[in-house]
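Undergrad: Got a structure for you, written out below as structure tokens; questions coming shortly.
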Amino acid sequence: MQALTLLLLFMALSLHIPLSSASSEQQLHPIILIPGNGGNQLEARLSSEYKPSSLFCKLSYVRRRNEWFRIWFDPSVVVAPITKCFAERMMLYYHPELDDYRNAPGVETRVPYFGSTQGIRYLDPHLKHISEYMGTLITSLEQIGYEENHTLFGAPYDFRYGLAHGSHPCQVGTRYLQDLKNLIESASNSTNGGRPVILIAHSLGGLFALQLLNRNPPSWRRQYVKHLIALSVPWGGTVDEMLTFASGYTLGVPLVDPLLVRGEQRSSESNLWLLPSPKPFGRKPLVMSSNGGKNYSAMDMAEFLKDIGFGEGVGPYEGRILPLVEELVEPEVPITCMVGHGVDTAEGLVYGMGGFDVQPDVVYGDGDGTVNLNSLLRLESEWSGSASMGQDLKVIKFRGVSHAGILKSPAAHKEIVRVISEINSDSLILYGSRNI
């Protein structure tokens, strides 16, 4: 789920999407695309407060001082000396006196192209083939009549930050929700005759979308949001995140030492949000010892964080994150979940004598290669019977489609286009679950 992992997933994909067509005269509900973790470009600027940790980082700092540059994605981050510079610039710091997260000193960040799809089509516009994110999906939407900045919009964000429960301050995440709300209202009112929007959210973006809906009154939801299409959303977190926190995670790419990025990955507020939730994962051991040591379930997360050497994460997890993930409230907005399954997905991590600094043996189960199936299907599991209470939910499953692959899968694109077309013609039929 972490940003570097997501890019490496896309580099391995090369699927082609068939073209579709639709009448240009059809009245369209505007669409807003919400990316996942690492799914949009991010820019940074370094000031004199930035303290580089090495001569190499200092030299690159002098060259870029006070100038905006794209920090995500830059393919050079897979080279070890640059990886270290990248990691220290992407670090977040939790400030107990603020009860909130901030950038590293001297590092300013911004999200380019908010409202546009430009920053989510490709992570590096100069390397489109290996950094494509939502490019083919956007092309499919354009094929059925959607137009950039008229009926089609993007809502990128600083994916390192997350949200917090209740009264806890969350400056960056809360500002994003307000920006997203304003974009939804503008897309509906300005050029689309008051038609409510369709939200299409991938991965982490789906968690933000659900929070946005539930933090606004029912009258606002009914007026402005027609439907949420949730692609590969980790409603209950993922075991992969425990690997990320314990040992660092780079999909095994040999050029990147996972320990170089572990600190940065641990510092990410959104990664805390993606740890396995107690309700869907229960007391099943997820991290195990092969030599008689401790085992950890989703119910033991605070102890797990302490024992891996990240005790400073316990307070934010218990106070800000755990209450946020305990219950997922039905927003009474129709939701279509599209998920991959039948792909080997980590469901257990077995550590030996080397401890957490050594990559574990992995026990695999069902999922989309990143998110476990019980997490992908959490809404279906917990909201069963909710239709009578005003919550329409449909789940469509794609065998053999991966977490990132759902954005390029012809079968998934066909279903996305079908659902959107039925919404636009007011003929959408909501069924419980389908397998494709």
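Quick note on naming: the chains in the structure tokens go A, B, ... in the order shown, residues restart at 1 in each chain, and ligands are numbered from 1 in order of appearance.
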In stretch 36-148 of chain A, what's alpha helix (DSSP H) per DSSP? Answer as a tab-separated table (two decimals) with all heavy atoms, in the first residue's frame?
TA:
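Result file follows (states08.tsv):
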```tsv
chain	number	residue	atom	x	y	z
A	55	LEU	N	26.27	13.87	2.54
A	55	LEU	CA	26.83	14.78	1.55
A	55	LEU	C	26.04	14.69	0.25
A	55	LEU	O	25.78	15.71	-0.39
A	55	LEU	CB	28.30	14.45	1.31
A	55	LEU	CG	29.02	15.28	0.23
A	55	LEU	CD1	28.98	16.77	0.60
A	55	LEU	CD2	30.45	14.79	0.03
A	56	PHE	N	25.64	13.49	-0.13
A	56	PHE	CA	24.88	13.32	-1.37
A	56	PHE	C	23.56	14.08	-1.29
A	56	PHE	O	23.18	14.79	-2.23
A	56	PHE	CB	24.62	11.83	-1.62
A	56	PHE	CG	24.04	11.55	-2.97
A	56	PHE	CD1	24.86	11.28	-4.05
A	56	PHE	CD2	22.67	11.56	-3.16
A	56	PHE	CE1	24.32	11.03	-5.31
A	56	PHE	CE2	22.12	11.31	-4.41
A	56	PHE	CZ	22.95	11.05	-5.48
A	57	CYS	N	22.85	13.94	-0.16
A	57	CYS	CA	21.58	14.65	0.00
A	57	CYS	C	21.81	16.16	0.04
A	57	CYS	O	20.98	16.94	-0.44
A	57	CYS	CB	20.87	14.19	1.27
A	57	CYS	SG	20.37	12.45	1.25
A	58	LYS	N	22.95	16.58	0.61
A	58	LYS	CA	23.26	18.00	0.67
A	58	LYS	C	23.49	18.57	-0.72
A	58	LYS	O	23.03	19.68	-1.05
A	58	LYS	CB	24.50	18.24	1.54
A	58	LYS	CG	24.85	19.71	1.71
A	58	LYS	CD	26.03	19.89	2.67
A	58	LYS	CE	26.35	21.37	2.85
A	58	LYS	NZ	27.48	21.57	3.80
A	59	LEU	N	24.19	17.84	-1.57
A	59	LEU	CA	24.46	18.31	-2.92
A	59	LEU	C	23.16	18.46	-3.71
A	59	LEU	O	22.97	19.45	-4.44
A	59	LEU	CB	25.40	17.34	-3.63
A	59	LEU	CG	26.83	17.31	-3.12
A	59	LEU	CD1	27.62	16.20	-3.80
A	59	LEU	CD2	27.51	18.66	-3.33
A	60	SER	N	22.26	17.50	-3.58
A	60	SER	CA	20.99	17.61	-4.30
A	60	SER	C	20.13	18.71	-3.70
A	60	SER	O	19.35	19.36	-4.41
A	60	SER	CB	20.24	16.27	-4.26
A	60	SER	OG	19.87	15.93	-2.94
A	61	TYR	N	20.29	18.97	-2.41
A	61	TYR	CA	19.55	20.07	-1.77
A	61	TYR	C	20.02	21.41	-2.31
A	61	TYR	O	19.21	22.29	-2.64
A	61	TYR	CB	19.74	19.99	-0.26
A	61	TYR	CG	19.56	21.31	0.47
A	61	TYR	CD1	18.32	21.96	0.48
A	61	TYR	CD2	20.63	21.91	1.14
A	61	TYR	CE1	18.15	23.16	1.15
A	61	TYR	CE2	20.47	23.10	1.81
A	61	TYR	CZ	19.23	23.73	1.81
A	61	TYR	OH	19.08	24.92	2.46
A	62	VAL	N	21.34	21.59	-2.43
A	62	VAL	CA	21.87	22.86	-2.94
A	62	VAL	C	21.37	23.12	-4.35
A	62	VAL	O	21.00	24.24	-4.71
A	62	VAL	CB	23.42	22.82	-2.90
A	62	VAL	CG1	24.00	24.03	-3.64
A	62	VAL	CG2	23.92	22.79	-1.46
A	63	ARG	N	21.29	22.06	-5.13
A	63	ARG	CA	20.84	22.21	-6.52
A	63	ARG	C	19.37	22.59	-6.59
A	63	ARG	O	18.95	23.31	-7.50
A	63	ARG	CB	21.09	20.89	-7.27
A	63	ARG	CG	20.65	20.91	-8.72
A	63	ARG	CD	21.17	19.67	-9.45
A	63	ARG	NE	20.70	18.44	-8.85
A	63	ARG	CZ	19.54	17.85	-9.18
A	63	ARG	NH1	18.76	18.40	-10.08
A	63	ARG	NH2	19.19	16.71	-8.62
A	64	ARG	N	18.55	22.13	-5.62
A	64	ARG	CA	17.11	22.31	-5.69
A	64	ARG	C	16.56	23.29	-4.66
A	64	ARG	O	15.36	23.46	-4.54
A	64	ARG	CB	16.41	20.96	-5.50
A	64	ARG	CG	16.55	20.04	-6.71
A	64	ARG	CD	15.96	18.68	-6.42
A	64	ARG	NE	15.65	17.96	-7.64
A	64	ARG	CZ	15.33	16.67	-7.69
A	64	ARG	NH1	15.27	15.97	-6.58
A	64	ARG	NH2	15.05	16.09	-8.84
A	80	ALA	N	20.12	3.50	-4.25
A	80	ALA	CA	20.27	3.56	-2.80
A	80	ALA	C	20.60	4.95	-2.24
A	80	ALA	O	19.92	5.40	-1.30
A	80	ALA	CB	21.31	2.54	-2.35
A	81	PRO	N	21.61	5.68	-2.73
A	81	PRO	CA	21.89	6.99	-2.13
A	81	PRO	C	20.71	7.96	-2.26
A	81	PRO	O	20.43	8.74	-1.35
A	81	PRO	CB	23.10	7.50	-2.92
A	81	PRO	CG	23.72	6.28	-3.50
A	81	PRO	CD	22.58	5.36	-3.80
A	82	ILE	N	19.99	7.87	-3.38
A	82	ILE	CA	18.85	8.75	-3.59
A	82	ILE	C	17.66	8.28	-2.77
A	82	ILE	O	16.85	9.09	-2.30
A	82	ILE	CB	18.51	8.82	-5.10
A	82	ILE	CG1	19.73	9.33	-5.87
A	82	ILE	CG2	17.31	9.73	-5.35
A	82	ILE	CD1	19.54	9.35	-7.38
A	83	THR	N	17.56	6.96	-2.58
A	83	THR	CA	16.48	6.43	-1.75
A	83	THR	C	16.52	7.04	-0.36
A	83	THR	O	15.49	7.40	0.22
A	83	THR	CB	16.59	4.89	-1.64
A	83	THR	OG1	16.57	4.32	-2.94
A	83	THR	CG2	15.45	4.32	-0.83
A	84	LYS	N	17.72	7.17	0.19
A	84	LYS	CA	17.87	7.73	1.54
A	84	LYS	C	17.42	9.19	1.57
A	84	LYS	O	16.71	9.60	2.51
A	84	LYS	CB	19.33	7.61	2.00
A	84	LYS	CG	19.56	8.06	3.43
A	84	LYS	CD	21.00	7.82	3.85
A	84	LYS	CE	21.22	8.23	5.30
A	84	LYS	NZ	22.63	8.02	5.72
A	85	CYS	N	17.77	9.96	0.55
A	85	CYS	CA	17.35	11.36	0.49
A	85	CYS	C	15.84	11.46	0.35
A	85	CYS	O	15.18	12.28	1.00
A	85	CYS	CB	18.02	12.08	-0.67
A	85	CYS	SG	19.83	11.97	-0.68
A	86	PHE	N	15.30	10.62	-0.52
A	86	PHE	CA	13.85	10.59	-0.73
A	86	PHE	C	13.13	10.29	0.58
A	86	PHE	O	12.15	10.96	0.95
A	86	PHE	CB	13.52	9.53	-1.78
A	86	PHE	CG	12.09	9.09	-1.81
A	86	PHE	CD1	11.12	9.86	-2.44
A	86	PHE	CD2	11.71	7.90	-1.20
A	86	PHE	CE1	9.79	9.45	-2.47
A	86	PHE	CE2	10.39	7.48	-1.22
A	86	PHE	CZ	9.43	8.26	-1.86
A	87	ALA	N	13.62	9.28	1.30
A	87	ALA	CA	12.94	8.85	2.52
A	87	ALA	C	12.94	9.96	3.58
A	87	ALA	O	11.91	10.20	4.23
A	87	ALA	CB	13.60	7.59	3.07
A	88	GLU	N	14.06	10.65	3.75
A	88	GLU	CA	14.10	11.68	4.79
A	88	GLU	C	13.25	12.89	4.43
A	88	GLU	O	12.74	13.59	5.31
A	88	GLU	CB	15.54	12.10	5.09
A	88	GLU	CG	16.25	12.87	3.99
A	88	GLU	CD	17.69	13.18	4.35
A	88	GLU	OE1	18.37	12.34	4.99
A	88	GLU	OE2	18.16	14.27	3.99
A	89	ARG	N	13.04	13.13	3.13
A	89	ARG	CA	12.20	14.25	2.71
A	89	ARG	C	10.72	13.91	2.75
A	89	ARG	O	9.88	14.80	2.86
A	89	ARG	CB	12.61	14.69	1.30
A	89	ARG	CG	14.01	15.29	1.25
A	89	ARG	CD	14.57	15.38	-0.16
A	89	ARG	NE	15.96	15.84	-0.14
A	89	ARG	CZ	16.75	15.88	-1.20
A	89	ARG	NH1	16.29	15.49	-2.39
A	89	ARG	NH2	18.00	16.31	-1.10
A	90	MET	N	10.40	12.62	2.64
A	90	MET	CA	9.00	12.18	2.69
A	90	MET	C	8.53	11.89	4.11
A	90	MET	O	7.33	11.66	4.35
A	90	MET	CB	8.83	10.91	1.84
A	90	MET	CG	8.92	11.14	0.34
A	90	MET	SD	7.40	11.88	-0.36
A	90	MET	CE	6.33	10.44	-0.43
A	118	GLN	N	-4.80	15.38	-14.57
A	118	GLN	CA	-3.43	15.38	-15.07
A	118	GLN	C	-2.44	14.68	-14.13
A	118	GLN	O	-1.54	13.98	-14.57
A	118	GLN	CB	-2.97	16.81	-15.35
A	118	GLN	CG	-1.60	16.91	-16.01
A	118	GLN	CD	-1.25	18.32	-16.43
A	118	GLN	OE1	-2.09	19.21	-16.45
A	118	GLN	NE2	0.01	18.56	-16.74
A	119	GLY	N	-2.61	14.89	-12.84
A	119	GLY	CA	-1.66	14.34	-11.88
A	119	GLY	C	-1.92	12.90	-11.49
A	119	GLY	O	-1.13	12.30	-10.76
A	120	ILE	N	-3.04	12.30	-12.00
A	120	ILE	CA	-3.34	10.91	-11.67
A	120	ILE	C	-3.30	9.99	-12.89
A	120	ILE	O	-3.41	8.78	-12.75
A	120	ILE	CB	-4.71	10.77	-10.96
A	120	ILE	CG1	-5.84	11.28	-11.85
A	120	ILE	CG2	-4.68	11.51	-9.63
A	120	ILE	CD1	-7.21	11.13	-11.21
A	121	ARG	N	-3.15	10.57	-14.07
A	121	ARG	CA	-3.00	9.72	-15.26
A	121	ARG	C	-1.66	8.97	-15.20
A	121	ARG	O	-1.59	7.76	-15.39
A	121	ARG	CB	-3.05	10.57	-16.53
A	121	ARG	CG	-4.42	11.16	-16.84
A	121	ARG	CD	-4.36	12.07	-18.05
A	121	ARG	NE	-5.61	12.73	-18.32
A	121	ARG	CZ	-6.47	12.39	-19.29
A	121	ARG	NH1	-6.16	11.38	-20.10
A	121	ARG	NH2	-7.58	13.05	-19.47
A	128	LYS	N	5.65	7.56	-19.12
A	128	LYS	CA	4.24	7.19	-19.06
A	128	LYS	C	4.05	5.68	-19.04
A	128	LYS	O	3.14	5.17	-18.38
A	128	LYS	CB	3.50	7.81	-20.24
A	128	LYS	CG	3.42	9.34	-20.16
A	128	LYS	CD	2.65	9.92	-21.33
A	128	LYS	CE	2.56	11.44	-21.22
A	128	LYS	NZ	1.79	12.03	-22.33
A	129	HIS	N	4.90	4.95	-19.74
A	129	HIS	CA	4.69	3.51	-19.86
A	129	HIS	C	4.81	2.81	-18.51
A	129	HIS	O	4.03	1.90	-18.21
A	129	HIS	CB	5.67	2.90	-20.85
A	129	HIS	CG	5.51	1.43	-21.03
A	129	HIS	ND1	4.38	0.87	-21.61
A	129	HIS	CD2	6.31	0.38	-20.68
A	129	HIS	CE1	4.51	-0.45	-21.61
A	129	HIS	NE2	5.66	-0.77	-21.06
A	130	ILE	N	5.79	3.20	-17.70
A	130	ILE	CA	5.99	2.51	-16.43
A	130	ILE	C	5.32	3.22	-15.26
A	130	ILE	O	5.26	2.65	-14.16
A	130	ILE	CB	7.49	2.33	-16.12
A	130	ILE	CG1	8.17	3.68	-15.88
A	130	ILE	CG2	8.18	1.53	-17.19
A	130	ILE	CD1	9.56	3.55	-15.30
A	131	SER	N	4.82	4.43	-15.45
A	131	SER	CA	4.24	5.15	-14.32
A	131	SER	C	2.77	5.46	-14.52
A	131	SER	O	2.20	6.27	-13.80
A	131	SER	CB	5.00	6.46	-14.07
A	131	SER	OG	4.74	7.41	-15.08
A	135	GLY	N	-4.48	6.28	-16.19
A	135	GLY	CA	-4.54	6.74	-17.58
A	135	GLY	C	-5.52	5.98	-18.45
A	135	GLY	O	-6.33	6.57	-19.16
A	136	THR	N	-5.45	4.63	-18.41
A	136	THR	CA	-6.35	3.86	-19.27
A	136	THR	C	-7.79	3.92	-18.80
A	136	THR	O	-8.72	3.89	-19.62
A	136	THR	CB	-5.89	2.39	-19.36
A	136	THR	OG1	-5.70	1.88	-18.03
A	136	THR	CG2	-4.60	2.27	-20.13
A	137	LEU	N	-8.00	4.01	-17.50
A	137	LEU	CA	-9.36	4.18	-16.99
A	137	LEU	C	-9.95	5.49	-17.46
A	137	LEU	O	-11.11	5.56	-17.90
A	137	LEU	CB	-9.36	4.11	-15.46
A	137	LEU	CG	-10.70	4.42	-14.77
A	137	LEU	CD1	-11.79	3.48	-15.24
A	137	LEU	CD2	-10.54	4.36	-13.25
A	138	ILE	N	-9.16	6.56	-17.39
A	138	ILE	CA	-9.63	7.86	-17.85
A	138	ILE	C	-9.95	7.82	-19.34
A	138	ILE	O	-10.97	8.39	-19.79
A	138	ILE	CB	-8.57	8.94	-17.53
A	138	ILE	CG1	-8.48	9.14	-16.01
A	138	ILE	CG2	-8.90	10.26	-18.22
A	138	ILE	CD1	-7.28	9.93	-15.56
A	139	THR	N	-9.12	7.15	-20.11
A	139	THR	CA	-9.40	7.00	-21.55
A	139	THR	C	-10.73	6.30	-21.78
A	139	THR	O	-11.52	6.71	-22.64
A	139	THR	CB	-8.27	6.21	-22.23
A	139	THR	OG1	-7.05	6.94	-22.11
A	139	THR	CG2	-8.57	5.99	-23.71
A	140	SER	N	-11.01	5.26	-21.01
A	140	SER	CA	-12.28	4.56	-21.14
A	140	SER	C	-13.46	5.48	-20.82
A	140	SER	O	-14.51	5.41	-21.46
A	140	SER	CB	-12.31	3.33	-20.22
A	140	SER	OG	-11.45	2.32	-20.69
A	141	LEU	N	-13.31	6.34	-19.83
A	141	LEU	CA	-14.38	7.28	-19.49
A	141	LEU	C	-14.55	8.33	-20.58
A	141	LEU	O	-15.69	8.73	-20.89
A	141	LEU	CB	-14.07	7.94	-18.14
A	141	LEU	CG	-14.00	6.99	-16.94
A	141	LEU	CD1	-13.58	7.75	-15.68
A	141	LEU	CD2	-15.32	6.27	-16.71
A	142	GLU	N	-13.45	8.77	-21.16
A	142	GLU	CA	-13.55	9.73	-22.26
A	142	GLU	C	-14.23	9.10	-23.47
A	142	GLU	O	-14.95	9.77	-24.22
A	142	GLU	CB	-12.16	10.23	-22.63
A	142	GLU	CG	-11.54	11.12	-21.54
A	142	GLU	CD	-10.09	11.45	-21.79
A	142	GLU	OE1	-9.40	10.69	-22.51
A	142	GLU	OE2	-9.61	12.47	-21.23
A	143	GLN	N	-14.05	7.80	-23.65
A	143	GLN	CA	-14.68	7.10	-24.77
A	143	GLN	C	-16.21	7.09	-24.66
A	143	GLN	O	-16.89	6.94	-25.67
A	143	GLN	CB	-14.17	5.66	-24.82
A	143	GLN	CG	-12.69	5.52	-25.10
A	143	GLN	CD	-12.35	5.59	-26.58
A	143	GLN	OE1	-13.19	5.29	-27.41
A	143	GLN	NE2	-11.14	5.98	-26.90
```
Undergrad: Please identify all polymer residues within 10 Å of A:Gly309, counting only C-alpha atoms, omitting same-chain residues fewer than 3 positions from it, and present them as a ChimeraX atom specification.
TA: /A:245-246,304-306,312-313,356
Undergrad: Point out the residue among A:Tyr351, A:Tyr93, A:Phe310, A:Tyr317 with the least atom-to-atom distance to A:Lys294, counting only C-alpha atoms.
TA: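 For A:Lys294, the nearest of the candidates is A:Tyr351.
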Undergrad: For A:Thr370, please output as a ChimeraX atom specification all residues within 8 Å (counting only C-alpha atoms; exclusion window: fewer than 4 positions along the same chain).
TA: /A:1,238,240,345-346,402-403
Undergrad: Do you know which residues are at most 10 Å from A:Asn295 counting only C-alpha atoms, after dropping those on the same chain fewer than 2 positions away, and could you put them as a list of chain:residue names?
TA: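 Neighbouring residues, sequence-local ones excluded: A:Lys284, A:Pro285, A:Leu286, A:Val287, A:Met288, A:Ser289, A:Ser290, A:Gly292, A:Gly293, A:Ser297, A:Asp300, A:Phe304, A:Leu349, A:Val350, A:Tyr351.
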Undergrad: Would you pick out the contacts of A:Gly385 at 12 Å or less, using only C-alpha atoms, so that residues sharing its chain but fewer than 6 positions from it are not included, and give the list as a list of chain:residue names?
TA: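 Within the cut-off, the hits are A:Glu330, A:Leu379, A:Gln391, A:Asp392, A:Leu393, A:Gly432.
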Undergrad: Residues of the last selection are to be written out with all heavy atoms, as a short mmCIF file (atom, residue, chain, number, x, y, z; two decimals), in the first residue's frame.
TA:
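As a result, again32.cif now contains:
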```cif
data_model
loop_
_atom_site.label_atom_id
_atom_site.label_comp_id
_atom_site.auth_asym_id
_atom_site.auth_seq_id
_atom_site.Cartn_x
_atom_site.Cartn_y
_atom_site.Cartn_z
N GLU A 330 -22.87 2.96 7.49
CA GLU A 330 -23.50 3.06 6.17
C GLU A 330 -23.82 4.51 5.85
O GLU A 330 -24.49 5.18 6.64
CB GLU A 330 -24.79 2.24 6.12
CG GLU A 330 -24.61 0.76 6.39
CD GLU A 330 -24.91 0.38 7.83
OE1 GLU A 330 -24.55 1.18 8.73
OE2 GLU A 330 -25.48 -0.69 8.06
N LEU A 379 -17.51 -4.56 3.87
CA LEU A 379 -18.82 -3.92 3.83
C LEU A 379 -19.91 -4.95 3.63
O LEU A 379 -20.97 -4.90 4.27
CB LEU A 379 -18.87 -2.86 2.72
CG LEU A 379 -17.88 -1.70 2.80
CD1 LEU A 379 -18.27 -0.62 1.80
CD2 LEU A 379 -17.79 -1.12 4.20
N GLN A 391 -29.34 1.37 2.72
CA GLN A 391 -28.00 1.26 2.15
C GLN A 391 -27.99 0.24 1.01
O GLN A 391 -28.18 -0.95 1.22
CB GLN A 391 -26.98 0.84 3.21
CG GLN A 391 -25.56 0.71 2.66
CD GLN A 391 -25.05 2.00 2.03
OE1 GLN A 391 -25.01 3.04 2.66
NE2 GLN A 391 -24.69 1.93 0.75
N ASP A 392 -27.81 0.73 -0.22
CA ASP A 392 -27.67 -0.14 -1.38
C ASP A 392 -26.19 -0.48 -1.56
O ASP A 392 -25.36 0.41 -1.64
CB ASP A 392 -28.20 0.55 -2.64
CG ASP A 392 -29.70 0.74 -2.60
OD1 ASP A 392 -30.39 -0.16 -2.11
OD2 ASP A 392 -30.18 1.80 -3.06
N LEU A 393 -25.89 -1.76 -1.64
CA LEU A 393 -24.51 -2.21 -1.78
C LEU A 393 -24.46 -3.35 -2.78
O LEU A 393 -25.22 -4.32 -2.69
CB LEU A 393 -23.95 -2.68 -0.44
CG LEU A 393 -22.54 -3.30 -0.47
CD1 LEU A 393 -21.51 -2.24 -0.83
CD2 LEU A 393 -22.21 -3.94 0.88
N GLY A 432 -26.72 -8.18 -4.96
CA GLY A 432 -25.81 -8.36 -3.84
C GLY A 432 -24.37 -8.59 -4.25
O GLY A 432 -23.48 -7.86 -3.86
#
```
Undergrad: So, with only C-alpha atoms as the atoms that count, which of A:Met301, A:Leu152, A:Cys170, A:Leu180 lies closest to A:Leu212?
TA: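 For A:Leu212, the nearest of the given residues is A:Leu180.
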Undergrad: Taking the DSSP secondary structure from the backbone, can you list the residues of stretch 349-434 of chain A that are strand (DSSP E), as a list in words?
TA: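 Of stretch 349-434 of chain A, the ones in strand (DSSP E) are Leu349, Val350, Tyr351, Asp361, Val362, Val363, Tyr364, Gly365, Leu393, Lys394, Val395, Ile396, Lys397, Phe398, Arg399, Ser433 and Arg434 of chain A.
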Undergrad: Which is closest to A:Ile406 among A:Arg283, A:Arg434, A:His341, A:Arg418, if we use only C-alpha atoms?
TA: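 Counting only C-alpha atoms, the residue closest to A:Ile406 is A:His341.
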Undergrad: Tell me which protein, DNA and RNA residues are within 7 Å of A:Leu376, counting only C-alpha atoms, leaving out same-chain ones fewer than 3 positions away, and put them as a PyMOL selection string.
TA: chain A and resi 232-235+339+371-373
Undergrad: Selected residues, all heavy atoms, written as a PDB file, in the first residue's frame, please.
TA:
```pdb
ATOM      1  N   SER A 232     -10.982  -1.928  -5.188  1.00  0.00           N
ATOM      2  CA  SER A 232      -9.894  -2.501  -4.370  1.00  0.00           C
ATOM      3  C   SER A 232      -9.697  -1.760  -3.049  1.00  0.00           C
ATOM      4  O   SER A 232      -8.562  -1.534  -2.618  1.00  0.00           O
ATOM      5  CB  SER A 232      -8.565  -2.487  -5.155  1.00  0.00           C
ATOM      6  OG  SER A 232      -8.674  -3.157  -6.376  1.00  0.00           O
ATOM      7  N   VAL A 233     -10.755  -1.397  -2.393  1.00  0.00           N
ATOM      8  CA  VAL A 233     -10.635  -0.598  -1.165  1.00  0.00           C
ATOM      9  C   VAL A 233     -10.370  -1.498   0.043  1.00  0.00           C
ATOM     10  O   VAL A 233     -11.106  -2.460   0.283  1.00  0.00           O
ATOM     11  CB  VAL A 233     -11.902   0.249  -0.935  1.00  0.00           C
ATOM     12  CG1 VAL A 233     -11.798   1.006   0.395  1.00  0.00           C
ATOM     13  CG2 VAL A 233     -12.097   1.222  -2.091  1.00  0.00           C
ATOM     14  N   PRO A 234      -9.339  -1.214   0.825  1.00  0.00           N
ATOM     15  CA  PRO A 234      -8.993  -2.027   2.001  1.00  0.00           C
ATOM     16  C   PRO A 234      -9.817  -1.608   3.218  1.00  0.00           C
ATOM     17  O   PRO A 234      -9.293  -1.000   4.163  1.00  0.00           O
ATOM     18  CB  PRO A 234      -7.502  -1.731   2.190  1.00  0.00           C
ATOM     19  CG  PRO A 234      -7.362  -0.308   1.706  1.00  0.00           C
ATOM     20  CD  PRO A 234      -8.346  -0.149   0.578  1.00  0.00           C
ATOM     21  N   TRP A 235     -11.084  -1.938   3.207  1.00  0.00           N
ATOM     22  CA  TRP A 235     -11.996  -1.475   4.262  1.00  0.00           C
ATOM     23  C   TRP A 235     -11.542  -1.895   5.659  1.00  0.00           C
ATOM     24  O   TRP A 235     -11.847  -1.227   6.638  1.00  0.00           O
ATOM     25  CB  TRP A 235     -13.395  -1.997   4.006  1.00  0.00           C
ATOM     26  CG  TRP A 235     -13.987  -1.614   2.690  1.00  0.00           C
ATOM     27  CD1 TRP A 235     -14.241  -2.440   1.628  1.00  0.00           C
ATOM     28  CD2 TRP A 235     -14.396  -0.293   2.271  1.00  0.00           C
ATOM     29  NE1 TRP A 235     -14.782  -1.709   0.581  1.00  0.00           N
ATOM     30  CE2 TRP A 235     -14.893  -0.402   0.952  1.00  0.00           C
ATOM     31  CE3 TRP A 235     -14.391   0.952   2.880  1.00  0.00           C
ATOM     32  CZ2 TRP A 235     -15.379   0.688   0.237  1.00  0.00           C
ATOM     33  CZ3 TRP A 235     -14.876   2.053   2.170  1.00  0.00           C
ATOM     34  CH2 TRP A 235     -15.361   1.914   0.873  1.00  0.00           C
ATOM     35  N   VAL A 339     -13.731  -5.771  -6.675  1.00  0.00           N
ATOM     36  CA  VAL A 339     -12.543  -6.304  -6.015  1.00  0.00           C
ATOM     37  C   VAL A 339     -11.954  -7.449  -6.823  1.00  0.00           C
ATOM     38  O   VAL A 339     -12.674  -8.194  -7.493  1.00  0.00           O
ATOM     39  CB  VAL A 339     -12.867  -6.785  -4.579  1.00  0.00           C
ATOM     40  CG1 VAL A 339     -13.540  -5.678  -3.777  1.00  0.00           C
ATOM     41  CG2 VAL A 339     -13.758  -8.017  -4.599  1.00  0.00           C
ATOM     42  N   VAL A 371      -4.381  -6.613  -0.718  1.00  0.00           N
ATOM     43  CA  VAL A 371      -5.414  -6.548   0.321  1.00  0.00           C
ATOM     44  C   VAL A 371      -6.080  -7.909   0.469  1.00  0.00           C
ATOM     45  O   VAL A 371      -6.431  -8.558  -0.524  1.00  0.00           O
ATOM     46  CB  VAL A 371      -6.475  -5.481  -0.022  1.00  0.00           C
ATOM     47  CG1 VAL A 371      -7.520  -5.387   1.101  1.00  0.00           C
ATOM     48  CG2 VAL A 371      -5.811  -4.122  -0.236  1.00  0.00           C
ATOM     49  N   ASN A 372      -6.265  -8.342   1.721  1.00  0.00           N
ATOM     50  CA  ASN A 372      -6.881  -9.623   2.013  1.00  0.00           C
ATOM     51  C   ASN A 372      -8.369  -9.599   1.674  1.00  0.00           C
ATOM     52  O   ASN A 372      -9.034  -8.564   1.783  1.00  0.00           O
ATOM     53  CB  ASN A 372      -6.694  -9.959   3.493  1.00  0.00           C
ATOM     54  CG  ASN A 372      -5.245  -9.838   3.914  1.00  0.00           C
ATOM     55  OD1 ASN A 372      -4.812  -8.761   4.338  1.00  0.00           O
ATOM     56  ND2 ASN A 372      -4.472 -10.900   3.773  1.00  0.00           N
ATOM     57  N   LEU A 373      -8.895 -10.753   1.263  1.00  0.00           N
ATOM     58  CA  LEU A 373     -10.280 -10.812   0.795  1.00  0.00           C
ATOM     59  C   LEU A 373     -11.268 -10.409   1.876  1.00  0.00           C
ATOM     60  O   LEU A 373     -12.274  -9.741   1.587  1.00  0.00           O
ATOM     61  CB  LEU A 373     -10.597 -12.223   0.286  1.00  0.00           C
ATOM     62  CG  LEU A 373     -11.914 -12.374  -0.470  1.00  0.00           C
ATOM     63  CD1 LEU A 373     -11.959 -11.477  -1.701  1.00  0.00           C
ATOM     64  CD2 LEU A 373     -12.149 -13.837  -0.848  1.00  0.00           C
TER      65      LEU A 373
END
```
Undergrad: Mind checking which residues fall within 8 Å of A:Val107, counting only C-alpha atoms, ignoring those fewer than 6 positions away in the same chain, and posting them as a PyMOL selection string?
TA: chain A and resi 44-47+49-50+89
Undergrad: Go through A:Tyr176, A:Phe114, A:Phe73, A:Phe159 one by one, measure the shortest atom-to-atom distance of each to A:Leu127 using only C-alpha atoms, and give the residue with the smallest value.
TA: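 Checking each candidate against A:Leu127, we get A:Phe73 as the closest.
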Undergrad: With only C-alpha atoms as the atoms that count, which of A:Ile423, A:Leu33, A:Leu255, A:Val172 lies nearest to A:Arg102?
TA: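 Using only C-alpha atoms, A:Arg102 sits closest to A:Val172.
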